[in-house]
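Asker: Structure file target_30.cif (mmCIF, C-alpha atoms) right here:
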```cif
data_data
loop_
_atom_site.label_atom_id
_atom_site.label_comp_id
_atom_site.auth_asym_id
_atom_site.auth_seq_id
_atom_site.Cartn_x
_atom_site.Cartn_y
_atom_site.Cartn_z
CA MET A 1244 3.64 9.77 4.19
CA ARG A 1245 2.05 8.98 7.53
CA SER A 1246 1.83 11.56 10.30
CA ASN A 1247 1.15 11.12 14.00
CA LYS A 1248 -2.36 12.50 13.68
CA LYS A 1249 -5.31 10.16 13.58
CA SER A 1250 -6.93 9.85 10.19
CA ILE A 1251 -10.50 10.37 9.05
CA ALA A 1252 -11.96 9.17 5.74
CA ILE A 1253 -14.97 11.20 4.64
CA ASP A 1254 -17.38 10.04 1.97
CA MET A 1255 -18.74 12.50 -0.64
CA ASP A 1256 -22.34 11.67 -1.66
CA TYR A 1257 -24.90 12.21 1.15
CA VAL A 1258 -22.08 13.42 3.44
CA ILE A 1259 -20.34 16.48 1.99
CA ALA A 1260 -22.32 16.48 -1.28
CA ASP A 1261 -26.10 16.82 -0.96
CA VAL A 1262 -26.88 14.27 -3.64
CA GLU A 1263 -30.45 13.79 -2.37
CA THR A 1264 -31.35 17.37 -3.24
CA GLN A 1265 -29.68 16.88 -6.62
CA PHE A 1266 -31.72 13.69 -7.28
CA ILE A 1267 -34.92 15.56 -6.40
CA ASN A 1268 -34.01 18.55 -8.59
CA TRP A 1269 -33.06 16.43 -11.60
CA TYR A 1270 -36.14 14.24 -11.20
CA GLU A 1271 -38.40 17.28 -11.22
CA ARG A 1272 -36.53 18.71 -14.22
CA ASP A 1273 -36.73 15.50 -16.29
CA TYR A 1274 -40.04 13.98 -15.11
CA GLY A 1275 -42.02 17.03 -14.00
CA VAL A 1276 -42.68 15.45 -10.59
CA LYS A 1277 -41.49 17.00 -7.35
CA ILE A 1278 -40.61 14.30 -4.80
CA LEU A 1279 -40.74 15.39 -1.16
CA LYS A 1280 -37.83 14.57 1.13
CA ASP A 1281 -40.25 13.05 3.63
CA ASN A 1282 -41.24 10.45 1.06
CA LEU A 1283 -37.65 9.22 0.79
CA LYS A 1284 -37.32 8.37 4.48
CA GLY A 1285 -36.63 4.73 5.29
CA LYS A 1286 -36.58 3.64 1.67
CA PRO A 1287 -33.55 2.27 -0.22
CA GLU A 1288 -31.97 4.75 -2.61
CA GLY A 1289 -34.10 5.30 -5.69
CA GLU A 1290 -37.10 3.30 -4.45
CA ALA A 1291 -39.15 6.40 -3.65
CA PHE A 1292 -38.95 7.77 -7.18
CA PRO A 1293 -41.77 6.59 -9.49
CA ASP A 1294 -39.16 5.66 -12.14
CA LYS A 1295 -36.97 3.49 -9.94
CA GLY A 1296 -34.11 3.45 -12.46
CA ALA A 1297 -33.91 7.24 -12.61
CA ILE A 1298 -31.29 7.95 -10.00
CA ARG A 1299 -28.93 5.29 -11.31
CA LYS A 1300 -29.33 6.79 -14.78
CA PHE A 1301 -28.52 10.26 -13.38
CA CYS A 1302 -25.31 8.86 -11.84
CA PHE A 1303 -24.11 7.91 -15.31
CA THR A 1304 -25.09 11.28 -16.82
CA LYS A 1305 -22.53 13.96 -17.63
CA GLY A 1306 -22.89 17.00 -15.41
CA PHE A 1307 -24.75 15.29 -12.58
CA PHE A 1308 -21.87 15.19 -10.10
CA SER A 1309 -20.38 18.54 -10.99
CA GLU A 1310 -23.49 20.46 -9.91
CA ILE A 1311 -24.29 18.86 -6.56
CA PRO A 1312 -24.96 21.33 -3.71
CA VAL A 1313 -22.51 21.28 -0.82
CA MET A 1314 -23.87 19.77 2.43
CA ALA A 1315 -24.56 22.53 4.94
CA GLY A 1316 -21.71 23.09 7.38
CA SER A 1317 -19.37 20.54 5.83
CA GLN A 1318 -16.79 22.99 4.48
CA GLU A 1319 -16.21 24.76 7.78
CA VAL A 1320 -16.09 21.57 9.85
CA VAL A 1321 -13.81 19.67 7.45
CA LYS A 1322 -11.41 22.61 7.43
CA SER A 1323 -11.47 22.72 11.20
CA LEU A 1324 -10.91 18.94 11.55
CA MET A 1325 -7.80 19.24 9.37
CA GLU A 1326 -6.07 21.09 12.21
CA ASN A 1327 -5.98 17.96 14.36
CA PHE A 1328 -6.58 15.05 11.99
CA ASP A 1329 -5.39 13.77 8.63
CA VAL A 1330 -8.53 14.13 6.57
CA PHE A 1331 -9.10 12.08 3.40
CA ILE A 1332 -12.02 12.33 1.02
CA VAL A 1333 -12.91 8.79 -0.05
CA SER A 1334 -15.52 8.41 -2.74
CA ALA A 1335 -16.77 5.27 -4.47
CA ALA A 1336 -16.55 7.02 -7.84
CA MET A 1337 -15.15 4.13 -9.85
CA GLU A 1338 -18.54 2.68 -10.87
CA PHE A 1339 -19.34 5.89 -12.76
CA PRO A 1340 -16.24 6.72 -14.84
CA GLN A 1341 -17.55 10.09 -16.02
CA SER A 1342 -17.87 11.15 -12.38
CA LEU A 1343 -14.11 10.92 -11.79
CA ILE A 1344 -13.21 14.24 -13.36
CA GLU A 1345 -16.44 15.91 -12.17
CA LYS A 1346 -15.84 14.89 -8.56
CA HIS A 1347 -12.23 16.02 -8.79
CA LYS A 1348 -13.37 19.41 -10.09
CA TRP A 1349 -16.16 19.67 -7.50
CA LEU A 1350 -13.69 19.07 -4.69
CA HIS A 1351 -11.26 21.59 -6.15
CA GLU A 1352 -14.02 24.20 -6.32
CA ASN A 1353 -15.77 23.53 -3.02
CA PHE A 1354 -12.97 22.16 -0.83
CA PRO A 1355 -9.90 23.89 -2.30
CA PHE A 1356 -8.06 23.42 1.01
CA ILE A 1357 -7.96 19.64 0.49
CA SER A 1358 -4.81 18.53 -1.31
CA TRP A 1359 -4.95 16.05 -4.20
CA ARG A 1360 -2.80 13.87 -1.91
CA ASN A 1361 -5.83 13.41 0.35
CA ILE A 1362 -8.38 12.39 -2.27
CA ILE A 1363 -9.21 8.75 -2.97
CA PHE A 1364 -11.61 7.51 -5.64
CA CYS A 1365 -12.27 3.83 -5.26
CA GLY A 1366 -14.79 1.04 -5.57
CA ASP A 1367 -14.72 -1.09 -2.43
CA LYS A 1368 -13.76 0.99 0.63
CA SER A 1369 -12.79 -1.95 2.82
CA ILE A 1370 -9.08 -1.51 2.07
CA ILE A 1371 -9.09 2.05 3.40
CA GLY A 1372 -7.16 1.95 6.65
CA THR A 1373 -8.12 5.21 8.36
CA ASP A 1374 -8.95 5.49 12.06
CA TYR A 1375 -12.46 6.79 11.31
CA LEU A 1376 -14.88 6.59 8.40
CA ILE A 1377 -17.82 8.97 8.00
CA ASP A 1378 -20.20 7.45 5.48
CA ASP A 1379 -23.91 6.92 4.85
CA HIS A 1380 -23.79 3.39 3.42
CA LEU A 1381 -23.79 0.19 5.45
CA LYS A 1382 -21.82 -1.55 2.68
CA ASN A 1383 -18.93 0.75 3.61
CA LEU A 1384 -19.48 1.21 7.37
CA ASP A 1385 -19.97 -2.49 8.11
CA PHE A 1386 -16.58 -3.40 6.67
CA CYS A 1387 -14.46 -0.44 7.66
CA ARG A 1388 -11.26 -0.96 9.62
CA GLY A 1389 -11.59 2.03 11.91
CA LYS A 1390 -14.45 3.55 13.87
CA ALA A 1391 -17.60 3.80 11.73
CA ILE A 1392 -19.67 6.98 11.90
CA MET A 1393 -22.97 6.89 10.07
CA TYR A 1394 -23.98 10.17 8.49
CA SER A 1395 -27.76 10.21 8.62
CA ALA A 1396 -29.52 9.88 5.26
CA SER A 1397 -33.08 9.01 4.27
CA HIS A 1398 -32.03 5.53 3.17
CA ASN A 1399 -30.25 4.60 6.43
CA ILE A 1400 -32.63 5.85 9.15
CA ASN A 1401 -33.78 2.34 10.09
CA PHE A 1402 -30.29 0.99 10.78
CA ASN A 1403 -28.89 1.65 14.19
CA HIS A 1404 -25.77 -0.43 14.71
CA HIS A 1405 -23.37 2.46 14.07
CA LEU A 1406 -22.87 5.78 15.81
CA ARG A 1407 -25.15 8.22 14.00
CA VAL A 1408 -24.53 11.89 13.27
CA HIS A 1409 -27.32 14.04 11.84
CA ASN A 1410 -25.37 17.03 10.62
CA TRP A 1411 -21.91 18.58 10.54
CA ASP A 1412 -22.31 20.24 13.93
CA GLU A 1413 -22.59 16.75 15.41
CA VAL A 1414 -19.51 15.62 13.49
CA TYR A 1415 -17.61 18.54 14.96
CA ALA A 1416 -18.84 17.76 18.48
CA PHE A 1417 -17.92 14.07 18.15
CA PHE A 1418 -14.32 14.77 17.14
CA LYS A 1419 -13.94 17.50 19.73
CA ALA A 1420 -14.86 14.88 22.34
CA GLU A 1421 -12.48 12.34 20.79
CA LEU A 1422 -9.63 14.85 21.01
CA SER A 1423 -10.51 15.69 24.58
CA ASN A 1424 -10.63 11.99 25.52
CA SER A 1425 -7.26 11.29 23.91
CA GLU A 1426 -5.68 14.15 25.83
CA ASN A 1427 -6.96 12.92 29.20
CA MET B 1191 -16.76 -6.28 1.54
CA ARG B 1192 -13.76 -8.04 2.99
CA SER B 1193 -12.97 -11.64 2.12
CA ASN B 1194 -10.69 -14.13 3.86
CA LYS B 1195 -8.07 -13.88 1.16
CA LYS B 1196 -4.98 -11.76 1.68
CA SER B 1197 -4.96 -8.55 -0.32
CA ILE B 1198 -2.41 -7.15 -2.76
CA ALA B 1199 -2.27 -3.52 -3.93
CA ILE B 1200 -0.58 -3.16 -7.31
CA ASP B 1201 0.68 0.16 -8.62
CA MET B 1202 0.20 1.08 -12.31
CA ASP B 1203 3.10 3.19 -13.65
CA TYR B 1204 6.40 1.27 -13.88
CA VAL B 1205 4.64 -1.86 -12.59
CA ILE B 1206 1.81 -2.91 -14.91
CA ALA B 1207 2.14 0.11 -17.23
CA ASP B 1208 5.51 0.52 -18.96
CA VAL B 1209 5.64 4.28 -18.50
CA GLU B 1210 9.42 4.39 -19.06
CA THR B 1211 9.01 3.19 -22.65
CA GLN B 1212 6.23 5.75 -23.09
CA PHE B 1213 8.47 8.57 -21.76
CA ILE B 1214 11.22 7.56 -24.19
CA ASN B 1215 8.81 7.32 -27.12
CA TRP B 1216 7.18 10.69 -26.45
CA TYR B 1217 10.55 12.36 -25.83
CA GLU B 1218 11.83 11.13 -29.19
CA ARG B 1219 8.61 12.20 -30.90
CA ASP B 1220 8.62 15.74 -29.40
CA TYR B 1221 12.35 16.46 -29.06
CA GLY B 1222 13.86 14.26 -31.78
CA VAL B 1223 16.26 12.67 -29.29
CA LYS B 1224 16.26 8.95 -28.53
CA ILE B 1225 17.17 8.34 -24.88
CA LEU B 1226 18.57 4.88 -24.16
CA LYS B 1227 17.20 2.90 -21.22
CA ASP B 1228 20.73 2.36 -19.94
CA ASN B 1229 21.09 6.13 -19.47
CA LEU B 1230 18.11 6.22 -17.09
CA LYS B 1231 19.58 3.75 -14.63
CA GLY B 1232 20.16 5.05 -11.11
CA LYS B 1233 18.81 8.52 -11.86
CA PRO B 1234 15.68 10.07 -10.37
CA GLU B 1235 12.70 10.15 -12.75
CA GLY B 1236 13.15 12.75 -15.47
CA GLU B 1237 16.75 13.60 -14.62
CA ALA B 1238 18.19 11.66 -17.54
CA PHE B 1239 16.20 13.59 -20.13
CA PRO B 1240 17.96 16.73 -21.46
CA ASP B 1241 14.76 18.74 -20.83
CA LYS B 1242 14.26 17.77 -17.21
CA GLY B 1243 10.70 19.09 -17.09
CA ALA B 1244 9.60 17.00 -20.06
CA ILE B 1245 8.25 13.94 -18.32
CA ARG B 1246 6.22 15.95 -15.83
CA LYS B 1247 4.76 17.90 -18.75
CA PHE B 1248 3.86 14.61 -20.48
CA CYS B 1249 2.02 13.48 -17.32
CA PHE B 1250 -0.29 16.47 -17.65
CA THR B 1251 -0.82 15.93 -21.40
CA LYS B 1252 -4.01 14.43 -22.78
CA GLY B 1253 -3.44 11.01 -24.30
CA PHE B 1254 -0.24 10.22 -22.45
CA PHE B 1255 -1.69 7.67 -20.03
CA SER B 1256 -4.14 6.09 -22.43
CA GLU B 1257 -1.41 4.85 -24.77
CA ILE B 1258 1.10 3.34 -22.32
CA PRO B 1259 2.32 -0.16 -23.26
CA VAL B 1260 1.42 -2.98 -20.86
CA MET B 1261 4.33 -4.32 -18.78
CA ALA B 1262 5.37 -7.74 -20.11
CA GLY B 1263 3.79 -10.62 -18.23
CA SER B 1264 1.65 -8.47 -15.94
CA GLN B 1265 -1.73 -9.43 -17.37
CA GLU B 1266 -1.24 -13.17 -17.03
CA VAL B 1267 0.26 -12.96 -13.53
CA VAL B 1268 -2.32 -10.51 -12.16
CA LYS B 1269 -5.10 -12.75 -13.46
CA SER B 1270 -3.47 -15.74 -11.85
CA LEU B 1271 -2.95 -13.96 -8.50
CA MET B 1272 -6.67 -13.15 -8.40
CA GLU B 1273 -7.40 -16.85 -7.83
CA ASN B 1274 -5.85 -16.73 -4.36
CA PHE B 1275 -5.67 -13.06 -3.42
CA ASP B 1276 -7.86 -9.97 -3.44
CA VAL B 1277 -6.06 -7.84 -5.99
CA PHE B 1278 -6.45 -4.04 -6.06
CA ILE B 1279 -4.95 -1.65 -8.58
CA VAL B 1280 -3.81 1.43 -6.66
CA SER B 1281 -2.57 4.38 -8.70
CA ALA B 1282 -1.51 7.83 -7.54
CA ALA B 1283 -3.51 9.39 -10.36
CA MET B 1284 -4.94 12.32 -8.41
CA GLU B 1285 -2.07 14.72 -9.18
CA PHE B 1286 -2.92 14.55 -12.88
CA PRO B 1287 -6.70 14.97 -13.17
CA GLN B 1288 -6.84 14.26 -16.89
CA SER B 1289 -5.24 10.89 -16.21
CA LEU B 1290 -8.23 9.68 -14.16
CA ILE B 1291 -10.45 8.79 -17.10
CA GLU B 1292 -7.50 7.63 -19.24
CA LYS B 1293 -6.25 5.27 -16.56
CA HIS B 1294 -9.77 3.95 -16.01
CA LYS B 1295 -10.11 3.27 -19.75
CA TRP B 1296 -6.61 1.74 -19.95
CA LEU B 1297 -7.45 -0.70 -17.16
CA HIS B 1298 -10.79 -1.56 -18.75
CA GLU B 1299 -9.03 -2.31 -22.05
CA ASN B 1300 -5.94 -4.09 -20.77
CA PHE B 1301 -7.14 -5.64 -17.51
CA PRO B 1302 -10.85 -6.22 -18.24
CA PHE B 1303 -10.95 -8.96 -15.59
CA ILE B 1304 -10.39 -6.38 -12.83
CA SER B 1305 -13.67 -5.05 -11.44
CA TRP B 1306 -14.20 -1.32 -10.84
CA ARG B 1307 -14.63 -2.35 -7.20
CA ASN B 1308 -10.92 -3.17 -7.10
CA ILE B 1309 -9.55 0.05 -8.57
CA ILE B 1310 -8.28 2.91 -6.39
CA PHE B 1311 -7.04 6.26 -7.64
CA CYS B 1312 -5.46 8.25 -4.86
CA GLY B 1313 -2.73 10.67 -3.89
CA ASP B 1314 -0.98 9.43 -0.76
CA LYS B 1315 -1.02 5.62 -0.60
CA SER B 1316 -0.26 5.38 3.11
CA ILE B 1317 -3.92 4.85 4.00
CA ILE B 1318 -4.18 1.75 1.80
CA GLY B 1319 -4.47 -1.16 4.18
CA THR B 1320 -3.63 -4.17 1.99
CA ASP B 1321 -1.40 -7.04 3.10
CA TYR B 1322 1.06 -6.41 0.25
CA LEU B 1323 1.99 -3.45 -1.94
CA ILE B 1324 3.86 -3.85 -5.24
CA ASP B 1325 5.22 -0.43 -6.20
CA ASP B 1326 8.32 1.21 -7.65
CA HIS B 1327 8.41 4.34 -5.48
CA LEU B 1328 10.01 4.61 -2.03
CA LYS B 1329 7.50 7.33 -1.09
CA ASN B 1330 4.84 4.61 -1.25
CA LEU B 1331 6.82 1.54 -0.15
CA ASP B 1332 8.41 3.21 2.89
CA PHE B 1333 5.02 4.08 4.39
CA CYS B 1334 2.93 1.10 3.42
CA ARG B 1335 1.07 -0.87 6.06
CA GLY B 1336 1.65 -4.32 4.62
CA LYS B 1337 4.64 -6.09 3.10
CA ALA B 1338 6.42 -3.83 0.61
CA ILE B 1339 7.59 -5.33 -2.68
CA MET B 1340 9.73 -3.07 -4.85
CA TYR B 1341 9.19 -3.50 -8.56
CA SER B 1342 12.54 -2.75 -10.13
CA ALA B 1343 12.74 0.48 -12.14
CA SER B 1344 15.64 2.58 -13.42
CA HIS B 1345 15.04 5.20 -10.75
CA ASN B 1346 15.09 2.77 -7.80
CA ILE B 1347 18.03 0.47 -8.54
CA ASN B 1348 20.24 2.03 -5.85
CA PHE B 1349 17.77 1.46 -3.00
CA ASN B 1350 17.85 -1.91 -1.37
CA HIS B 1351 15.81 -1.82 1.81
CA HIS B 1352 12.77 -3.54 0.28
CA LEU B 1353 12.32 -6.94 -1.31
CA ARG B 1354 13.00 -6.42 -5.01
CA VAL B 1355 11.31 -8.12 -7.97
CA HIS B 1356 12.66 -7.59 -11.48
CA ASN B 1357 9.75 -8.82 -13.56
CA TRP B 1358 6.33 -10.43 -13.33
CA ASP B 1359 7.75 -13.96 -13.27
CA GLU B 1360 9.41 -13.03 -9.99
CA VAL B 1361 6.16 -11.58 -8.66
CA TYR B 1362 4.45 -14.87 -9.46
CA ALA B 1363 7.21 -16.89 -7.78
CA PHE B 1364 7.10 -14.70 -4.67
CA PHE B 1365 3.36 -15.14 -4.15
CA LYS B 1366 3.52 -18.84 -4.94
CA ALA B 1367 6.03 -19.16 -2.10
CA GLU B 1368 3.86 -17.02 0.21
CA LEU B 1369 0.88 -19.29 -0.44
CA SER B 1370 2.98 -22.36 0.14
CA ASN B 1371 4.33 -20.93 3.42
CA SER B 1372 0.86 -20.05 4.66
CA GLU B 1373 -0.38 -23.58 3.96
CA ASN B 1374 2.46 -25.21 5.90
#
```
Kindly present the structure from the file in structure tokens form.
Answerer:
Amino acid sequence: MRSNKKSIAIDMDYVIADVETQFINWYERDYGVKILKDNLKGKPEGEAFPDKGAIRKFCFTKGFFSEIPVMAGSQEVVKSLMENFDVFIVSAAMEFPQSLIEKHKWLHENFPFISWRNIIFCGDKSIIGTDYLIDDHLKNLDFCRGKAIMYSASHNINFNHHLRVHNWDEVYAFFKAELSNSEN
Amino acid sequence: MRSNKKSIAIDMDYVIADVETQFINWYERDYGVKILKDNLKGKPEGEAFPDKGAIRKFCFTKGFFSEIPVMAGSQEVVKSLMENFDVFIVSAAMEFPQSLIEKHKWLHENFPFISWRNIIFCGDKSIIGTDYLIDDHLKNLDFCRGKAIMYSASHNINFNHHLRVHNWDEVYAFFKAELSNSEN
């Protein structure tokens, strides 16, 4: 059912779920090599790890998605945005079938205030018709129907054709300004 | 990534998955009572079963969604529609978490020609921005952004404010006419 509020689609990995930290932790656990975050900057996902297939393998491994740390500040800001916007969590989970139930559980545990009605697991996000999309991947941002907001991640720092936010404080500030503009 | 083709969202239950037959079969198996299809006509889902909570209970039961029979004609027509349209399967699976993996597997087995990129599991379908939606539920059809097409089901026969199709031959004929109209 559609409301009169504007709608925001929010991605999971690299946005509310700190999957980079999880990749680093699992890589160290399985390969005995600690990769520094600085070494990931400006490189496509996975390229900075000596075994370039490792992170894709992790994505197909049971337990990977259920243990991801929450991105700092995301819980508070998402909850706050829900007062003035219809917030949807939109994750491209379909490529990794075992992630479906783990992501569902993760959201239930870490974002219990988000209803199942507002969760979308998909493949291609281009059919999502929200007013805003917060995402880290160009493949989603470039084709979104609403306003694209790029959540900064190591792999996207060299692309600058979308509005960039670096953290959840900046997300909060952006939407506060949007609300203020729409009221004037 | 968006193409130039028009897009169709297709619901699963009551549309490509014959969930009514599955409800009847499971009810007979568990309660020893065979409910006739004629008795379901014009009644809200579940109301026609003596234990009115039964079908909701089934929806939360492991194995229910993985065994649903395929709706007659749906495979051939969906495959054919994919030649001229971007076809997405959009199922409100999120309410029943255990259904996520079962529905994914069911699609993989019965509609192997549909890519994971074109599958969406959600709660509220109102953010799906396709040009058409084929669904059986008013809660989805009434709020859809594109053209609503009501797939006839026992529970919706008394509602007539959407274009109705009775079977997959009629779906095929409708889209053949749409293509023909757009070419003229």
Asker: Find the residues near region 1263-1280 of chain B: any atom within 7 Å, counting only C-alpha atoms, skip ones fewer than 5 places away on the same chain, and give them as a VMD selection string.
Answerer: chain B and resid 1195 to 1202 1206 1301 1308 to 1311 1358 1362
Asker: Would you mind listing, as JSON, numbers by chain, all residues of chain A that have at least one atom within 10 Å of chain B, where all atoms listed in the file are what counts?
Answerer: {"A": [1244, 1245, 1246, 1250, 1251, 1252, 1331, 1332, 1333, 1334, 1335, 1336, 1337, 1338, 1339, 1340, 1341, 1342, 1343, 1344, 1345, 1347, 1348, 1358, 1359, 1360, 1361, 1362, 1363, 1364, 1365, 1366, 1367, 1368, 1369, 1370, 1371, 1372, 1373, 1374, 1382, 1383, 1384, 1385, 1386, 1387, 1388]}
Asker: Please compute the CA of Phe1308 (chain A)-CA of Lys1346 (chain A) distance, one decimal, in Å.
Answerer: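 Calculated distance between CA of Phe1308 (chain A) and CA of Lys1346 (chain A) is 6.2 Å.
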Asker: Quick one: pull the distance between CA of His1352 (chain B) and CA of Lys1337 (chain B), Å, one decimal.
Answerer: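 Straight-line distance from CA of His1352 (chain B) to CA of Lys1337 (chain B) works out to 9.0 Å.
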Asker: One decimal, in Å: what's the spacing between CA of Gly1336 (chain B) and CA of His1380 (chain A)?
Answerer: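 Taking CA of Gly1336 (chain B) as the start and CA of His1380 (chain A) as the end point, the length is 26.6 Å.
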Asker: Tyr1270 (chain A): which residues within 12 Å, counting all atoms listed in the file, same-chain residues fewer than 3 positions away excluded, as a list of chain:residue names?
Answerer: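 Non-adjacent residues within range: A:Val1262, A:Glu1263, A:Thr1264, A:Gln1265, A:Phe1266, A:Ile1267, A:Asp1273, A:Tyr1274, A:Gly1275, A:Val1276, A:Lys1277, A:Ile1278, A:Leu1279, A:Gly1289, A:Ala1291, A:Phe1292, A:Pro1293, A:Asp1294, A:Lys1295, A:Gly1296, A:Ala1297, A:Ile1298, A:Arg1299, A:Lys1300, A:Phe1301, A:Phe1307.
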Asker: Applying the PyMOL selection byres ((chain A and resi 1260) around 7) to the file I just gave you, which residues come out? Please list them as a short mmCIF file (atom, residue, chain, number, x, y, z; two decimals) with C-alpha atoms, keeping the file's coordinate frame.
Answerer:
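File part33.cif, as written:
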```
data_model
loop_
_atom_site.label_atom_id
_atom_site.label_comp_id
_atom_site.auth_asym_id
_atom_site.auth_seq_id
_atom_site.Cartn_x
_atom_site.Cartn_y
_atom_site.Cartn_z
CA MET A 1255 -18.74 12.50 -0.64
CA ASP A 1256 -22.34 11.67 -1.66
CA TYR A 1257 -24.90 12.21 1.15
CA VAL A 1258 -22.08 13.42 3.44
CA ILE A 1259 -20.34 16.48 1.99
CA ASP A 1261 -26.10 16.82 -0.96
CA VAL A 1262 -26.88 14.27 -3.64
CA ILE A 1311 -24.29 18.86 -6.56
CA PRO A 1312 -24.96 21.33 -3.71
CA VAL A 1313 -22.51 21.28 -0.82
CA MET A 1314 -23.87 19.77 2.43
#
```
